[in-house]
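Have a look at final-v4.cif below; it lists mmCIF, C-alpha atoms.
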data_structure
#
loop_
_atom_site.group_PDB
_atom_site.id
_atom_site.type_symbol
_atom_site.label_atom_id
_atom_site.label_comp_id
_atom_site.auth_asym_id
_atom_site.auth_seq_id
_atom_site.Cartn_x
_atom_site.Cartn_y
_atom_site.Cartn_z
ATOM 1 C CA MET A 173 -5.556 -17.253 -17.761
ATOM 2 C CA LYS A 174 -3.354 -14.443 -16.542
ATOM 3 C CA ASP A 175 -3.747 -12.610 -13.261
ATOM 4 C CA LEU A 176 -5.732 -9.370 -13.417
ATOM 5 C CA ILE A 177 -5.076 -6.050 -11.708
ATOM 6 C CA LEU A 178 -7.982 -3.609 -11.473
ATOM 7 C CA VAL A 179 -7.008 0.034 -11.029
ATOM 8 C CA GLY A 180 -8.990 3.244 -10.755
ATOM 9 C CA ILE A 181 -9.839 6.073 -8.424
ATOM 10 C CA GLN A 182 -11.657 5.198 -5.203
ATOM 11 C CA GLY A 183 -15.347 4.736 -5.933
ATOM 12 C CA SER A 184 -14.782 3.585 -9.516
ATOM 13 C CA GLY A 185 -16.411 0.226 -8.788
ATOM 14 C CA LYS A 186 -13.341 -2.005 -8.654
ATOM 15 C CA GLY A 187 -14.607 -3.993 -5.683
ATOM 16 C CA THR A 188 -18.029 -4.576 -7.226
ATOM 17 C CA GLN A 189 -16.557 -5.728 -10.527
ATOM 18 C CA ALA A 190 -14.022 -7.920 -8.740
ATOM 19 C CA LYS A 191 -16.833 -9.872 -7.053
ATOM 20 C CA ILE A 192 -18.534 -10.394 -10.419
ATOM 21 C CA LEU A 193 -15.301 -11.658 -11.992
ATOM 22 C CA VAL A 194 -14.806 -14.118 -9.145
ATOM 23 C CA LYS A 195 -18.227 -15.614 -9.891
ATOM 24 C CA LYS A 196 -18.074 -15.487 -13.688
ATOM 25 C CA MET A 197 -14.473 -16.340 -14.442
ATOM 26 C CA GLY A 198 -13.096 -18.180 -11.452
ATOM 27 C CA PHE A 199 -10.640 -15.549 -10.252
ATOM 28 C CA GLN A 200 -9.422 -15.607 -6.675
ATOM 29 C CA ILE A 201 -9.530 -12.149 -5.176
ATOM 30 C CA LEU A 202 -6.692 -10.557 -3.241
ATOM 31 C CA GLU A 203 -8.356 -7.540 -1.659
ATOM 32 C CA THR A 204 -6.168 -5.551 0.700
ATOM 33 C CA GLY A 205 -8.903 -3.072 1.637
ATOM 34 C CA LYS A 206 -11.144 -5.802 3.035
ATOM 35 C CA PHE A 207 -8.182 -7.217 4.962
ATOM 36 C CA PHE A 208 -7.382 -3.806 6.434
ATOM 37 C CA ARG A 209 -10.989 -3.249 7.503
ATOM 38 C CA SER A 210 -11.049 -6.674 9.178
ATOM 39 C CA LEU A 211 -8.282 -5.428 11.487
ATOM 40 C CA ARG A 212 -10.809 -3.301 13.404
ATOM 41 C CA ASP A 213 -11.525 -6.385 15.507
ATOM 42 C CA ASN A 214 -7.816 -6.914 16.185
ATOM 43 C CA ASN A 215 -5.986 -5.204 19.044
ATOM 44 C CA SER A 216 -2.453 -5.746 17.760
ATOM 45 C CA ASP A 217 -0.106 -2.792 17.300
ATOM 46 C CA LEU A 218 -0.109 -3.389 13.527
ATOM 47 C CA ALA A 219 -3.906 -3.344 13.424
ATOM 48 C CA LYS A 220 -4.128 -0.132 15.432
ATOM 49 C CA ARG A 221 -1.529 1.556 13.224
ATOM 50 C CA VAL A 222 -3.209 0.463 9.993
ATOM 51 C CA ILE A 223 -6.711 1.494 11.117
ATOM 52 C CA ALA A 224 -5.495 4.901 12.326
ATOM 53 C CA THR A 225 -3.910 5.474 8.905
ATOM 54 C CA ILE A 226 -7.038 4.439 6.996
ATOM 55 C CA ASP A 227 -9.317 6.582 9.154
ATOM 56 C CA LYS A 228 -7.215 9.645 8.306
ATOM 57 C CA GLY A 229 -7.735 8.949 4.597
ATOM 58 C CA GLU A 230 -4.072 8.051 4.111
ATOM 59 C CA TYR A 231 -2.464 5.089 2.371
ATOM 60 C CA VAL A 232 -0.911 2.320 4.446
ATOM 61 C CA ASP A 233 2.875 2.419 3.957
ATOM 62 C CA ASP A 234 4.309 0.411 1.064
ATOM 63 C CA ASP A 235 6.360 -2.033 3.127
ATOM 64 C CA THR A 236 3.374 -3.013 5.268
ATOM 65 C CA VAL A 237 1.121 -3.451 2.237
ATOM 66 C CA MET A 238 3.559 -5.682 0.388
ATOM 67 C CA GLU A 239 4.291 -7.719 3.525
ATOM 68 C CA ILE A 240 0.564 -8.396 3.761
ATOM 69 C CA VAL A 241 0.339 -9.231 0.034
ATOM 70 C CA ARG A 242 3.110 -11.802 0.377
ATOM 71 C CA GLU A 243 1.333 -13.307 3.387
ATOM 72 C CA MET A 244 -2.003 -13.438 1.565
ATOM 73 C CA LEU A 245 -0.424 -15.127 -1.450
ATOM 74 C CA THR A 246 0.865 -17.971 0.713
ATOM 75 C CA GLU A 247 -2.754 -18.773 1.580
ATOM 76 C CA MET A 248 -4.008 -18.824 -2.041
ATOM 77 C CA ASP A 249 -4.203 -21.551 -4.671
ATOM 78 C CA LEU A 250 -1.501 -20.409 -7.090
ATOM 79 C CA SER A 251 -2.791 -22.760 -9.790
ATOM 80 C CA LYS A 252 -5.735 -20.363 -10.282
ATOM 81 C CA PRO A 253 -5.733 -16.785 -11.609
ATOM 82 C CA ILE A 254 -5.650 -14.007 -9.026
ATOM 83 C CA LEU A 255 -7.462 -10.686 -9.208
ATOM 84 C CA PHE A 256 -5.706 -7.868 -7.352
ATOM 85 C CA ASP A 257 -8.076 -5.205 -5.991
ATOM 86 C CA GLY A 258 -6.641 -2.265 -4.050
ATOM 87 C CA VAL A 259 -3.015 -3.114 -4.706
ATOM 88 C CA PRO A 260 -0.711 -1.769 -5.983
ATOM 89 C CA ARG A 261 -1.434 1.877 -5.243
ATOM 90 C CA SER A 262 1.988 3.470 -5.694
ATOM 91 C CA GLU A 263 5.039 3.182 -7.915
ATOM 92 C CA LEU A 264 6.999 1.395 -5.176
ATOM 93 C CA GLN A 265 4.151 -1.091 -4.715
ATOM 94 C CA ARG A 266 4.002 -1.617 -8.486
ATOM 95 C CA ILE A 267 7.679 -2.497 -8.621
ATOM 96 C CA ALA A 268 7.393 -4.748 -5.569
ATOM 97 C CA LEU A 269 4.326 -6.577 -6.911
ATOM 98 C CA GLU A 270 5.922 -7.134 -10.312
ATOM 99 C CA LYS A 271 8.918 -8.656 -8.519
ATOM 100 C CA ILE A 272 6.683 -10.927 -6.428
ATOM 101 C CA LEU A 273 4.728 -12.088 -9.480
ATOM 102 C CA ALA A 274 7.954 -12.704 -11.396
ATOM 103 C CA GLU A 275 9.221 -14.848 -8.534
ATOM 104 C CA HIS A 276 6.105 -16.992 -8.935
ATOM 105 C CA LYS A 277 6.407 -16.898 -12.760
ATOM 106 C CA ARG A 278 2.997 -15.223 -13.088
ATOM 107 C CA ASP A 279 1.929 -12.832 -15.854
ATOM 108 C CA PHE A 280 -0.799 -10.230 -15.515
ATOM 109 C CA GLN A 281 -3.062 -7.772 -17.302
ATOM 110 C CA ILE A 282 -4.306 -4.368 -16.080
ATOM 111 C CA ILE A 283 -7.757 -2.870 -16.583
ATOM 112 C CA SER A 284 -8.289 0.747 -15.555
ATOM 113 C CA ILE A 285 -11.857 1.740 -14.632
ATOM 114 C CA ASN A 286 -12.120 5.478 -15.224
ATOM 115 C CA ILE A 287 -14.497 7.993 -13.636
ATOM 116 C CA THR A 288 -14.145 11.689 -12.848
ATOM 117 C CA GLU A 289 -13.042 13.030 -9.486
ATOM 118 C CA GLU A 290 -16.508 14.555 -9.026
ATOM 119 C CA GLU A 291 -18.204 11.217 -9.679
ATOM 120 C CA ALA A 292 -15.824 9.496 -7.266
ATOM 121 C CA PHE A 293 -16.620 11.967 -4.481
ATOM 122 C CA ASP A 294 -20.357 11.635 -5.088
ATOM 123 C CA ARG A 295 -20.255 7.830 -5.044
ATOM 124 C CA LEU A 296 -18.114 7.632 -1.906
ATOM 125 C CA THR A 297 -20.326 10.133 -0.097
ATOM 126 C CA LYS A 298 -23.398 8.041 -0.901
ATOM 127 C CA ARG A 299 -21.575 4.868 0.170
ATOM 128 C CA SER A 300 -20.743 6.484 3.487
ATOM 129 C CA GLN A 301 -24.401 7.274 4.074
ATOM 130 C CA MET A 302 -25.493 3.732 3.181
ATOM 131 C CA GLU A 303 -22.746 1.672 4.818
ATOM 132 C CA GLY A 304 -21.406 3.918 7.568
ATOM 133 C CA ARG A 305 -17.792 3.403 6.530
ATOM 134 C CA ARG A 306 -15.518 5.312 8.938
ATOM 135 C CA ASP A 307 -12.984 6.108 6.213
ATOM 136 C CA ASP A 308 -15.663 7.666 3.963
ATOM 137 C CA THR A 309 -15.847 11.040 5.736
ATOM 138 C CA PRO A 310 -15.726 14.079 3.395
ATOM 139 C CA GLU A 311 -12.214 14.886 4.620
ATOM 140 C CA GLY A 312 -11.083 11.266 4.233
ATOM 141 C CA ILE A 313 -12.565 11.040 0.740
ATOM 142 C CA LYS A 314 -10.808 14.230 -0.393
ATOM 143 C CA SER A 315 -7.537 13.004 1.090
ATOM 144 C CA ARG A 316 -7.738 9.638 -0.682
ATOM 145 C CA ILE A 317 -8.613 11.256 -4.019
ATOM 146 C CA LYS A 318 -5.611 13.560 -3.604
ATOM 147 C CA LEU A 319 -3.384 10.574 -2.835
ATOM 148 C CA PHE A 320 -4.711 8.768 -5.909
ATOM 149 C CA HIS A 321 -3.577 11.638 -8.127
ATOM 150 C CA GLU A 322 -0.204 11.956 -6.370
ATOM 151 C CA LEU A 323 0.749 8.282 -5.929
ATOM 152 C CA THR A 324 -1.448 5.983 -8.017
ATOM 153 C CA GLN A 325 -1.754 7.890 -11.285
ATOM 154 C CA PRO A 326 2.044 7.910 -11.891
ATOM 155 C CA MET A 327 2.016 4.130 -11.386
ATOM 156 C CA ILE A 328 -0.809 3.689 -13.896
ATOM 157 C CA LYS A 329 1.002 5.989 -16.329
ATOM 158 C CA ALA A 330 4.107 3.784 -16.108
ATOM 159 C CA TRP A 331 2.029 0.744 -17.035
ATOM 160 C CA LYS A 332 0.320 2.687 -19.839
ATOM 161 C CA ASN A 333 3.706 3.605 -21.269
ATOM 162 C CA ALA A 334 4.573 -0.097 -21.220
ATOM 163 C CA GLY A 335 1.362 -0.889 -23.131
ATOM 164 C CA ARG A 336 -0.102 -2.987 -20.341
ATOM 165 C CA VAL A 337 -3.286 -1.042 -19.527
ATOM 166 C CA THR A 338 -6.738 -1.354 -21.086
ATOM 167 C CA GLU A 339 -9.012 1.543 -20.147
ATOM 168 C CA ILE A 340 -12.797 1.432 -19.778
ATOM 169 C CA SER A 341 -15.419 3.899 -18.592
ATOM 170 C CA GLY A 342 -16.743 3.319 -15.095
ATOM 171 C CA VAL A 343 -19.934 5.250 -15.901
ATOM 172 C CA GLY A 344 -22.970 3.075 -16.581
ATOM 173 C CA SER A 345 -24.788 0.225 -14.942
ATOM 174 C CA ILE A 346 -22.896 -2.470 -13.050
ATOM 175 C CA ASP A 347 -23.914 -4.995 -15.714
ATOM 176 C CA GLU A 348 -22.745 -2.768 -18.569
ATOM 177 C CA ILE A 349 -19.331 -2.293 -17.007
ATOM 178 C CA ALA A 350 -19.076 -6.012 -16.217
ATOM 179 C CA GLU A 351 -19.847 -6.780 -19.862
ATOM 180 C CA SER A 352 -17.120 -4.358 -20.993
ATOM 181 C CA ILE A 353 -14.579 -6.143 -18.795
ATOM 182 C CA SER A 354 -15.798 -9.557 -19.949
ATOM 183 C CA THR A 355 -15.405 -8.485 -23.593
ATOM 184 C CA ILE A 356 -11.850 -7.302 -22.972
ATOM 185 C CA LEU A 357 -10.891 -10.577 -21.320
ATOM 186 C CA LYS A 358 -12.405 -12.596 -24.158
ATOM 187 C CA GLU A 359 -10.649 -10.504 -26.808
ATOM 188 C CA LYS A 360 -7.375 -11.106 -24.995
ATOM 189 C CA GLY A 361 -8.044 -14.854 -24.997
ATOM 190 C CA ARG A 362 -8.567 -15.006 -21.232
ATOM 191 C CA CYS A 363 -12.028 -16.574 -21.108
ATOM 192 C CA LYS A 364 -11.135 -20.243 -21.557
ATOM 193 C CA ASN A 365 -12.200 -21.176 -18.030
ATOM 194 C CA CYS A 366 -15.146 -18.789 -17.944
ATOM 195 C CA THR A 367 -18.413 -20.115 -16.554
ATOM 196 C CA CYS A 368 -20.554 -17.359 -18.030
ATOM 197 C CA GLY A 369 -21.612 -19.602 -20.914
ATOM 198 C CA LYS A 370 -20.609 -17.139 -23.638
#

In structure tokens, how does this file's structure come out?
Amino acid sequence: MKDLILVGIQGSGKGTQAKILVKKMGFQILETGKFFRSLRDNNSDLAKRVIATIDKGEYVDDDTVMEIVREMLTEMDLSKPILFDGVPRSELQRIALEKILAEHKRDFQIISINITEEEAFDRLTKRSQMEGRRDDTPEGIKSRIKLFHELTQPMIKAWKNAGRVTEISGVGSIDEIAESISTILKEKGRCKNCTCGK
């Protein structure tokens, strides 16, 4: 089973679907966002710099992100498929990640979960109210949506042009979207190790 990269605007449900795929299909998850948030309890200069960037609604710089990805990969079981959530987020990160995966002789598939900008803002605002996430302020949300359009969409377009992206709607129940992803993986012949029983 190939590695899987989930892409989509913030609030599209990538993290939720990633957790389901870990349970159903045995993916390991490489989640940079969770790692960054864990740095709040760390007083290192790197942690302070990363947290300050996130709280302003900005992306962490490409070199730092990919350094962390390389470090996280050394701690994973490379005999199992990996699900990338939150990385890559820019064209430079895309190129760097493809190079890293090629070095490890790993292939991958991309699924894009699509919702509107308005839906993304609404979901992130509600998440902020429920979870108290510091980076989910209205200003931070608008900044991250703007960065998605400026930095992440060109990266996704490059993969689309290469025929590597399968698009699905992120509107619907969590179970409906999970079933859409499961169907795609089965159609691509990626469900051999699935534990979902289907």

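Closest approach to A:Ile282 among A:Pro310, A:Pro326, A:Pro260, A:Gly229: A:Pro260, based on all atoms listed in the file.
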
Exercise for the section: Mind checking which residues fall within 8 Å of stretch 316-319 of chain A, counting all atoms listed in the file, ignoring those fewer than 2 positions away in the same chain, and posting them as a list in words? Expected result: Ile181, Gln182, Gly229, Glu230, Tyr231, Glu289, Gly312, Ile313, Lys314, His321, Glu322, Leu323 and Thr324 of chain A

Handout entry: Shell of 9 Å around A:Gly342, all atoms listed in the file, local chain residues under 4 positions omitted, as a PyMOL selection string
Key = chain A and resi 180+184-185+284-287+346+349

Go ahead and dump the residues you just picked, C-alpha atoms, as a PDB file, keeping the file's coordinate frame.
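Contents of again.pdb, freshly written:
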ATOM      1  CA  GLY A 180      -8.990   3.244 -10.755  1.00  0.00           C
ATOM      2  CA  SER A 184     -14.782   3.585  -9.516  1.00  0.00           C
ATOM      3  CA  GLY A 185     -16.411   0.226  -8.788  1.00  0.00           C
ATOM      4  CA  SER A 284      -8.289   0.747 -15.555  1.00  0.00           C
ATOM      5  CA  ILE A 285     -11.857   1.740 -14.632  1.00  0.00           C
ATOM      6  CA  ASN A 286     -12.120   5.478 -15.224  1.00  0.00           C
ATOM      7  CA  ILE A 287     -14.497   7.993 -13.636  1.00  0.00           C
ATOM      8  CA  ILE A 346     -22.896  -2.470 -13.050  1.00  0.00           C
ATOM      9  CA  ILE A 349     -19.331  -2.293 -17.007  1.00  0.00           C
TER      10      ILE A 349
END

Practice task
Name the residues that the PyMOL selection byres ((chain A and resi 177) around 7) pulls out of this structure, and write them as number ranges by chain.
Solution key: A: 175-176, 178-179, 255-257, 281-283

Taking C-alpha atoms for each residue, export the selection above as a compact mmCIF listing (two decimals), in the coordinates of the input.
# COMPACT_ATOMS: atom_id res chain seq x y z
CA ASP A 175 -3.75 -12.61 -13.26
CA LEU A 176 -5.73 -9.37 -13.42
CA LEU A 178 -7.98 -3.61 -11.47
CA VAL A 179 -7.01 0.03 -11.03
CA LEU A 255 -7.46 -10.69 -9.21
CA PHE A 256 -5.71 -7.87 -7.35
CA ASP A 257 -8.08 -5.20 -5.99
CA GLN A 281 -3.06 -7.77 -17.30
CA ILE A 282 -4.31 -4.37 -16.08
CA ILE A 283 -7.76 -2.87 -16.58

Exercise for the section: For the file shown, report as a VMD selection string the outcome of the PyMOL selection byres ((chain A and resi 193) around 10) at residue level. Expected result: chain A and resid 176 187 to 192 194 to 201 255 350 353 to 354 366 368

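Distances here use all atoms listed in the file; by that measure, the residue among A:Glu348, A:Asn333, A:Lys358, A:Ser315 closest to A:Lys228 is A:Ser315.
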
Exercise for the section: Could you tell me which residues the PyMOL selection byres ((chain A and resi 209-213) around 12) returns for this structure, as number ranges by chain? Expected result: A: 203-208, 214-227, 232, 305-307

Handout entry: Exercise: A:Leu269 partners within 12 Å, all atoms listed in the file, chain neighbours under 5 positions left out, as a VMD selection string
Key = chain A and resid 175 177 234 to 235 237 to 242 245 256 259 to 264 274 to 276 278 to 280 327

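The two atoms in question, atom CA of A:Glu351 and atom CA of A:Glu339, are spaced 13.7 Å apart.
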
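With only C-alpha atoms as the atoms that count, the minimum distance from A:Ser341 to the choices A:Lys360, A:Lys174, A:Lys186, A:Arg299 is reached by A:Lys186.
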
Exercise for the section: Tell me, in Å to one decimal, how far atom CA of A:Leu202 is from atom CA of A:Asp249. Expected result: 11.4 Å

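We find atom CA of A:Glu270 and atom CA of A:Asp308 to be spaced 29.8 Å apart.
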
Fill in the blank from the handout: In terms of only C-alpha atoms, the residue from A:Ala268, A:Leu357, A:Ala292, A:Ala334 at minimal distance from A:Met173 is A:Leu357

Keeping just C-alpha atoms, export stretch 185-288 of chain A of this structure as a short mmCIF file (atom, residue, chain, number, x, y, z; two decimals), in the first residue's frame.
data_model
loop_
_atom_site.label_atom_id
_atom_site.label_comp_id
_atom_site.auth_asym_id
_atom_site.auth_seq_id
_atom_site.Cartn_x
_atom_site.Cartn_y
_atom_site.Cartn_z
CA GLY A 185 -11.42 17.64 7.89
CA LYS A 186 -8.01 16.21 7.00
CA GLY A 187 -7.08 15.52 10.61
CA THR A 188 -10.38 13.79 11.38
CA GLN A 189 -10.16 11.58 8.30
CA ALA A 190 -6.50 10.81 9.00
CA LYS A 191 -7.42 9.35 12.40
CA ILE A 192 -10.08 7.17 10.79
CA LEU A 193 -7.62 5.89 8.18
CA VAL A 194 -5.11 5.01 10.88
CA LYS A 195 -7.74 2.81 12.55
CA LYS A 196 -9.28 1.31 9.41
CA MET A 197 -6.31 0.81 7.14
CA GLY A 198 -3.23 0.68 9.31
CA PHE A 199 -1.62 3.93 8.19
CA GLN A 200 0.95 5.61 10.40
CA ILE A 201 0.26 9.31 10.65
CA LEU A 202 2.88 12.01 10.22
CA GLU A 203 1.10 15.11 11.49
CA THR A 204 3.21 18.24 11.63
CA GLY A 205 0.45 20.41 13.11
CA LYS A 206 0.17 18.22 16.21
CA PHE A 207 3.96 18.27 16.57
CA PHE A 208 4.03 22.06 16.33
CA ARG A 209 1.30 22.44 18.94
CA SER A 210 3.19 20.11 21.29
CA LEU A 211 6.03 22.65 21.29
CA ARG A 212 3.99 24.96 23.55
CA ASP A 213 5.40 23.01 26.49
CA ASN A 214 8.96 23.43 25.21
CA ASN A 215 11.09 26.47 26.01
CA SER A 216 13.67 26.00 23.26
CA ASP A 217 14.36 28.81 20.79
CA LEU A 218 12.96 26.65 17.96
CA ALA A 219 9.74 26.04 19.89
CA LYS A 220 9.27 29.72 20.68
CA ARG A 221 9.88 30.69 17.05
CA VAL A 222 7.49 28.06 15.70
CA ILE A 223 4.70 28.89 18.16
CA ALA A 224 5.01 32.63 17.49
CA THR A 225 4.66 31.93 13.76
CA ILE A 226 1.61 29.68 14.21
CA ASP A 227 -0.12 32.15 16.53
CA LYS A 228 0.17 34.84 13.85
CA GLY A 229 -1.60 32.54 11.38
CA GLU A 230 1.55 32.13 9.29
CA TYR A 231 3.20 29.01 7.91
CA VAL A 232 6.36 27.69 9.53
CA ASP A 233 9.26 28.17 7.09
CA ASP A 234 9.93 25.38 4.60
CA ASP A 235 13.39 24.42 5.85
CA THR A 236 12.18 23.99 9.43
CA VAL A 237 9.17 21.94 8.35
CA MET A 238 11.20 19.55 6.22
CA GLU A 239 13.88 19.21 8.91
CA ILE A 240 11.13 18.11 11.28
CA VAL A 241 9.64 15.73 8.68
CA ARG A 242 13.01 14.04 8.22
CA GLU A 243 13.36 13.71 11.99
CA MET A 244 9.86 12.27 12.36
CA LEU A 245 10.48 9.73 9.61
CA THR A 246 13.49 8.34 11.46
CA GLU A 247 11.15 7.42 14.32
CA MET A 248 8.57 5.62 12.12
CA ASP A 249 8.26 2.03 10.92
CA LEU A 250 9.06 2.44 7.23
CA SER A 251 7.67 -1.02 6.45
CA LYS A 252 4.16 0.43 6.94
CA PRO A 253 2.32 3.03 4.85
CA ILE A 254 2.50 6.63 6.06
CA LEU A 255 -0.27 9.21 5.92
CA PHE A 256 0.98 12.79 5.65
CA ASP A 257 -1.36 15.36 7.23
CA GLY A 258 -0.39 19.04 7.15
CA VAL A 259 2.64 18.59 4.94
CA PRO A 260 3.53 19.60 2.31
CA ARG A 261 1.94 23.04 2.23
CA SER A 262 4.02 24.81 -0.41
CA GLU A 263 5.71 24.09 -3.72
CA LEU A 264 9.14 24.00 -2.08
CA GLN A 265 7.86 21.53 0.53
CA ARG A 266 6.32 19.41 -2.24
CA ILE A 267 9.62 19.17 -4.06
CA ALA A 268 11.50 18.43 -0.83
CA LEU A 269 9.03 15.74 0.27
CA GLU A 270 9.10 14.04 -3.13
CA LYS A 271 12.90 13.94 -2.86
CA ILE A 272 12.75 12.46 0.65
CA LEU A 273 10.24 9.80 -0.40
CA ALA A 274 12.31 8.95 -3.47
CA GLU A 275 15.36 8.48 -1.25
CA HIS A 276 13.36 5.90 0.71
CA LYS A 277 11.94 4.39 -2.51
CA ARG A 278 8.37 5.19 -1.44
CA ASP A 279 5.45 5.95 -3.75
CA PHE A 280 2.40 7.97 -2.78
CA GLN A 281 -1.12 9.02 -3.70
CA ILE A 282 -2.85 12.37 -3.05
CA ILE A 283 -6.46 12.93 -2.04
CA SER A 284 -7.76 16.50 -1.98
CA ILE A 285 -10.68 17.21 0.37
CA ASN A 286 -12.49 20.23 -1.03
CA ILE A 287 -14.68 22.76 0.77
CA THR A 288 -15.37 26.44 0.14
#
